[in-house]
Amino acid sequence: MRNSWADSVENVATDNGGPSGGSGASASTRRSSYVPPHLRNKPMTAEPLAPSHGGPPSGNDRSGFNGPTSGPRWGGSRPDYGRQGGYGGGGRGGGWGREREVNPFGNDADVDLEQSFDQENTGINFDAYEDIPVETSGENVPPPVNTFAEIDLGEAVNLNIRRCKYVKPTPVQRYAIPISLAGRDLMACAQTGSGKTAAFCFPIISGIMRGNFPQRPHGSRTVFPLALILSPTRELSMQIHEEAKKFSYQTGVRVVVAYGGAPINQQLRELERGVDILVATPGRLVDLLERAKVSLQMIRYLALDEADRMLDMGFEPQIRRIVEQMDMPPPGERQTMLFSATFPKEIQRLASDFLANYIFLAVGRVGSSTDLIVQRVEFVHDVDKRSHLMDLLHAQMANGVHGKHNLTLVFVETKKGADALEHWLCINGFPATAIHGDRTQQEREQALRTFKRGDTPILVATDVAARGLDIPHVSHVINFDLPNDIDDYVHRIGRTGRAGKTGLATAFFNDGNLSMAKPLADLMQEANQDVPEWLTRYASRSSFGGGRNRRAGGGRFGGRDFRRDSSYNRSGGGGGGGGGINYYDGGNSSGGYGNYSGGYGPGVTSAWD
Ligand SMILES: Nc1ncnc2c1ncn2[C@@H]1O[C@H](COP(=O)(O)OP(=O)(O)OP(=O)(O)O)[C@@H](O)[C@H]1O
């Protein structure tokens with residue numbers, strides 16, 4: 001029996017629109033000598049800008065900064081990073097220090113900046129996160145903070161946090177930011193939509209602002225970023241870039257993005273104007289490295305977003321090439337941060353190669369979905385899926401749950417399937433668009449734009465849209481085709497129910513999804529969802545038959561540091577997994593992290609880059 005899904009949608013997202021776009025003043029193209037980050041964006045004076053000298057710019061003297069707390073472990077300048085004199089900063093050290101910076105907040109930039117952090121103003125339901133269990137392990141874990149005011153990020157970043165209307169840090173931010181500011185490597189797992197992007201961006205921006213870095217080499221057309229943020233898809237890289245630009249507005253830290261499918265020349269021009277933080281997809285970055293347009297020699301911060309995806313079979317060789325076989329400093333000489341909502345043990349094991357003496361942080365159980373998402377699973381034969389979808393969409397309209405503030409994201413397995421379903425929806429009067437890897441980049445971006453604007457409030461997508469995308473007002477995620485991997489399901493449904501808001505996820509299940517029965521039932525149970533009787537029966541059947549899902553056969557899966565496993569005894573592996581394990585508990589956790597059975601079998605998806 002089916003209920004009207006719309007009945008369960010309460011408080012659908014209506015006010016989650018972050019500022020974006022914004023009109024900008026045209027940039028001056030005039031070139032000047034290098035301007036260190038802390039002097040950029042200052043009003044122009046008759047005084048000459050920072051001279052081109054060989055010594056490192058002093059990064060600690062910017063106004064509004066209270067001085068370093070416990071900076072990155074490399075501390076001051078490292079003599080082995082070519083101080084070849086001349087300019088550093090943005091690599092080519094172009095005139096960007098004098099450019100008028102485009103205001104990423106648009107008209108919102110002039111919000112009341114006097115307003116204190118503790119003023120409620122966003123409608124974010126932080127109570128939803130209060131009781132979340134948190135696990136940290138590793139040596140000397142820095143304590144968490146409760147407010148942004150307790151963190152020394154610098155005045156300019158604080159202003160941007162207020163402009164973003166972030167009142168207080170989310171749980172992952174409360175723990176991850178102090179850990180990163182202390183210069184520690186980090187493997188962090190926190191639920192979808194819980195603010196991981198800011199958790200890695202804030203410490204990087206702040207670190208670059210206060211950093212006392214050696215001059216960056218010059219004399220060629222190669223640029224030398226200080227931080228690298230890698231993500232698996234073009235759209236996610238673009239989104240991180242947009243976010244990082246907001247967080248670094250008027251800090252003097254310059255963020256540039258490079259991703260495939262877009263003209264490389266334009267990206268090269270941006271790079272040549274200077275780059276402190278490079279956000280990139282692996283493919284395009286390898287291209288830039290091969291052309292010697294980018295050197296990783298000066299990288300001090302490496303962040304992998306969706307880190308488990310970046311290290312699964314599809315991406316691992318490329319990531320190893322970038323991180324281990326080019327000129328990037330090794331673990332211990334750079335700070336590495338890995339973030340995801342899911343972290344299978346086998347991937348944790350691989351990831352430990354990139355880390356030194358790291359801290360493991362799990363906010364909520366690793367791989368769990370947030371209980372802000374109401375999950376429904378319905379038995380639908382393949383032949384009935386379209387009419388069933390239409391019923392859902394009609395019910396949605398009948399209940400007034402449609403339009404600009406109620407976007408619906410429909411996941412399908414294949415690119416052809418996405419095209420076909422989009423076409424079918426359109427000819428049946430539903431304004432839909434589609435995104436997948438066979439579309440041109442222009443088409444992909446156009447699809448996302450019209451979806452976000454609500455012009456086409458239905459988006460049919462392959463897994464290219466499964467991870468990381470933060471689209472306001474997605475109130476319903478429909479798994480028209482279930483993925484083969486429960487972690488993919490977690491990421492897909494995580495496109496709704498973000499930042500404390502509620503959402504709905506409906507999955508169509510049939511005999512073709514047998515291997516998903518058990519992990520799906522477990523996941524739903526763990527998130528306090530109603531598990532249909534029939535799914536429980538399927539789950540008990542499938543648990544005998546095996547199934548290739550990594551959680552199949554496990555009981556309540558949980559999140560924990562793989563270094564805590566008795567099977568993990570490799571000497572030196574993981575760079576020091578010793579240390580204590582600490583459970584911080586908001587109150588409702590039994591502390592019982594169940595088995596998390598390994599056996600990673602990635603559901604190989606298409607359309608990734
Ligand atoms: N402290 C905060 N206060 C209010 N909103 C926040 C805060 N931190 C982040 N957000 C907002 O929460 C939303 C989700 O953040 P983000 O995209 O970083 O989530 P995520 O954890 O990376 O999710 P995913 O796992 O899907 O990638 C964004 O719209 C972001 O602006």
# chains A, B, ... in the order shown; residues from 1 in each chain; ligands from 1
$ residues_near_ligand --ligand "ligand 1" --cutoff "6 Å" --atoms "only C-alpha atoms and all ligand atoms" --output "PyMOL selection string"
chain A and resi 166-170+191-198+340-341+467-468+470+494+498-499
$ residues_around --residues "Asn510 (chain A)" --least-positions-apart "2" --cutoff "9 Å" --atoms "only C-alpha atoms" --output "list in words"
Glu378, Phe379, Val380, His381, Asp382, Phe508, Gly512, Asn513 and Leu514 of chain A
$ closest_residue --among "A:Gly314, A:Gly400, A:Gly274, A:Gly437" --to "Arg234 (chain A)" --atoms "only C-alpha atoms"
A:Gly437
$ residues_around --residues "Gly403 (chain A)" --least-positions-apart "6" --cutoff "9 Å" --atoms "only C-alpha atoms" --output "PDB file with N, CA and C atoms, in the first residue's frame"
ATOM      1  N   MET A 397       1.847  17.480  -6.706  1.00  0.00           N
ATOM      2  CA  MET A 397       1.160  18.688  -7.174  1.00  0.00           C
ATOM      3  C   MET A 397      -0.151  18.878  -6.433  1.00  0.00           C
ATOM      4  N   GLY A 454      14.321  26.550 -10.469  1.00  0.00           N
ATOM      5  CA  GLY A 454      12.953  26.042 -10.409  1.00  0.00           C
ATOM      6  C   GLY A 454      12.247  26.133 -11.746  1.00  0.00           C
ATOM      7  N   ASP A 455      12.963  26.515 -12.812  1.00  0.00           N
ATOM      8  CA  ASP A 455      12.333  26.549 -14.137  1.00  0.00           C
ATOM      9  C   ASP A 455      11.997  25.133 -14.586  1.00  0.00           C
ATOM     10  N   THR A 456      12.891  24.210 -14.263  1.00  0.00           N
ATOM     11  CA  THR A 456      12.606  22.788 -14.488  1.00  0.00           C
ATOM     12  C   THR A 456      12.743  22.106 -13.126  1.00  0.00           C
ATOM     13  N   PRO A 457      11.654  22.044 -12.365  1.00  0.00           N
ATOM     14  CA  PRO A 457      11.766  21.571 -10.972  1.00  0.00           C
ATOM     15  C   PRO A 457      11.989  20.074 -10.819  1.00  0.00           C
TER      16      PRO A 457
END
$ closest_residue --among "A:Gln348, A:Gln173, A:Asn357, A:Asn479" --to "Glu333 (chain A)" --atoms "only C-alpha atoms"
A:Asn357
$ residues_around --residues "Arg300 (chain A)" --least-positions-apart "5" --cutoff "6 Å" --atoms "only C-alpha atoms" --output "JSON, numbers by chain"
{"A": [226, 227, 334, 335]}
$ write_last_selection --atoms "N, CA and C atoms" --output "JSON list (two decimals), in the first residue's frame"
[["chain", "number", "residue", "atom", "x", "y", "z"],
["A", 226, "LEU", "N", 49.27, 26.96, -2.80],
["A", 226, "LEU", "CA", 49.62, 26.52, -1.45],
["A", 226, "LEU", "C", 48.65, 25.44, -0.95],
["A", 227, "ALA", "N", 47.48, 25.42, -1.55],
["A", 227, "ALA", "CA", 46.48, 24.43, -1.12],
["A", 227, "ALA", "C", 45.82, 23.83, -2.34],
["A", 334, "ARG", "N", 53.05, 18.26, 4.52],
["A", 334, "ARG", "CA", 51.85, 18.98, 4.14],
["A", 334, "ARG", "C", 50.76, 18.55, 5.13],
["A", 335, "GLN", "N", 49.69, 19.31, 5.18],
["A", 335, "GLN", "CA", 48.57, 18.90, 6.03],
["A", 335, "GLN", "C", 47.48, 18.32, 5.15]]
$ select_by_dssp --residues "region 372-412 of chain A" --states "strand (DSSP E)" --output "PDB file with C-alpha atoms, in the first residue's frame"
ATOM      1  CA  ILE A 373      15.370  12.597   5.740  1.00  0.00           C
ATOM      2  CA  VAL A 374      12.136  10.639   5.750  1.00  0.00           C
ATOM      3  CA  GLN A 375      12.930   7.478   3.796  1.00  0.00           C
ATOM      4  CA  ARG A 376      10.303   5.474   1.944  1.00  0.00           C
ATOM      5  CA  VAL A 377      10.859   2.347  -0.049  1.00  0.00           C
ATOM      6  CA  GLU A 378       8.173   1.021  -2.361  1.00  0.00           C
ATOM      7  CA  PHE A 379       8.016  -2.222  -4.301  1.00  0.00           C
ATOM      8  CA  LEU A 407      12.514  20.501  -6.367  1.00  0.00           C
ATOM      9  CA  THR A 408      12.535  16.796  -7.168  1.00  0.00           C
ATOM     10  CA  LEU A 409      15.707  14.912  -8.014  1.00  0.00           C
ATOM     11  CA  VAL A 410      15.234  11.559  -9.768  1.00  0.00           C
ATOM     12  CA  PHE A 411      18.197   9.176  -9.878  1.00  0.00           C
TER      13      PHE A 411
END
$ closest_residue --among "A:His473, A:Arg349, A:His423, A:Lys385" --to "Asp308 (chain A)" --atoms "only C-alpha atoms"
A:Arg349
$ atom_distance --atom1 "CA of Leu311 (chain A)" --atom2 "CA of Pro282 (chain A)"
11.3 Å
$ residues_around --residues "region 447-449 of chain A" --least-positions-apart "3" --cutoff "7 Å" --atoms "only C-alpha atoms" --output "list in words"
Thr433, Ala434, Ile435, Glu443, Arg444, Lys452 and Arg453 of chain A
$ closest_residue --among "A:Pro225, A:Pro329, A:Pro344, A:Gly500" --to "Leu278 (chain A)" --atoms "only C-alpha atoms"
A:Pro225
$ atom_distance --atom1 "CA of Tyr489 (chain A)" --atom2 "CA of Leu523 (chain A)"
9.9 Å
$ closest_residue --among "A:Leu181, A:Ala292, A:Val460, A:Leu338" --to "Ser231 (chain A)" --atoms "only C-alpha atoms"
A:Leu338
$ select_by_dssp --residues "region 341-482 of chain A" --states "helix (DSSP H, G or I)" --output "JSON, numbers by chain"
{"A": [345, 346, 347, 348, 349, 350, 351, 352, 353, 354, 382, 383, 384, 385, 386, 387, 388, 389, 390, 391, 392, 393, 394, 395, 396, 397, 398, 415, 416, 417, 418, 419, 420, 421, 422, 423, 424, 425, 426, 427, 441, 442, 443, 444, 445, 446, 447, 448, 449, 450, 451, 452, 453, 463, 464, 465]}
$ write_last_selection --atoms "C-alpha atoms" --output "tab-separated table (two decimals), in the first residue's frame"
chain	number	residue	atom	x	y	z
A	345	LYS	CA	37.28	0.37	5.93
A	346	GLU	CA	39.15	-0.68	2.84
A	347	ILE	CA	39.19	2.90	1.68
A	348	GLN	CA	40.32	4.07	5.11
A	349	ARG	CA	43.22	1.67	4.77
A	350	LEU	CA	44.19	3.09	1.37
A	351	ALA	CA	43.70	6.62	2.60
A	352	SER	CA	46.08	6.15	5.48
A	353	ASP	CA	48.93	6.18	2.92
A	354	PHE	CA	48.25	9.87	2.43
A	382	ASP	CA	10.47	-2.13	-13.69
A	383	VAL	CA	7.54	-1.91	-16.09
A	384	ASP	CA	5.50	0.06	-13.59
A	385	LYS	CA	8.17	2.57	-12.62
A	386	ARG	CA	7.12	5.35	-14.96
A	387	SER	CA	3.45	5.29	-14.04
A	388	HIS	CA	4.42	5.07	-10.39
A	389	LEU	CA	6.66	8.09	-10.77
A	390	MET	CA	3.85	9.95	-12.43
A	391	ASP	CA	1.54	9.10	-9.51
A	392	LEU	CA	4.10	10.51	-7.10
A	393	LEU	CA	4.50	13.69	-9.09
A	394	HIS	CA	0.74	14.16	-9.40
A	395	ALA	CA	0.30	13.60	-5.66
A	396	GLN	CA	3.03	16.13	-5.10
A	397	MET	CA	1.16	18.69	-7.17
A	398	ALA	CA	-2.15	17.88	-5.56
A	415	LYS	CA	22.81	7.94	-19.15
A	416	LYS	CA	20.43	6.56	-21.76
A	417	GLY	CA	17.88	5.97	-19.05
A	418	ALA	CA	18.25	9.58	-17.94
A	419	ASP	CA	17.66	10.89	-21.47
A	420	ALA	CA	14.67	8.63	-21.97
A	421	LEU	CA	13.03	9.51	-18.67
A	422	GLU	CA	13.59	13.22	-19.16
A	423	HIS	CA	11.98	13.00	-22.59
A	424	TRP	CA	9.06	10.98	-21.26
A	425	LEU	CA	8.45	13.41	-18.40
A	426	CYS	CA	8.54	16.40	-20.75
A	427	ILE	CA	6.06	14.93	-23.20
A	441	GLN	CA	29.58	20.66	-19.89
A	442	GLN	CA	27.43	23.52	-21.09
A	443	GLU	CA	24.37	21.30	-21.06
A	444	ARG	CA	25.25	19.98	-17.61
A	445	GLU	CA	25.60	23.46	-16.20
A	446	GLN	CA	22.46	24.66	-17.92
A	447	ALA	CA	20.51	21.71	-16.47
A	448	LEU	CA	21.70	22.49	-12.97
A	449	ARG	CA	20.93	26.19	-13.40
A	450	THR	CA	17.35	25.69	-14.59
A	451	PHE	CA	16.79	23.11	-11.86
A	452	LYS	CA	18.12	25.40	-9.13
A	453	ARG	CA	16.01	28.28	-10.41
A	463	ASP	CA	25.38	9.44	-10.06
A	464	VAL	CA	27.21	12.46	-11.44
A	465	ALA	CA	24.84	14.47	-9.23
$ closest_residue --among "A:Ala156, A:Val286, A:Ala182, A:Ile471" --to "Gln325 (chain A)" --atoms "only C-alpha atoms"
A:Val286
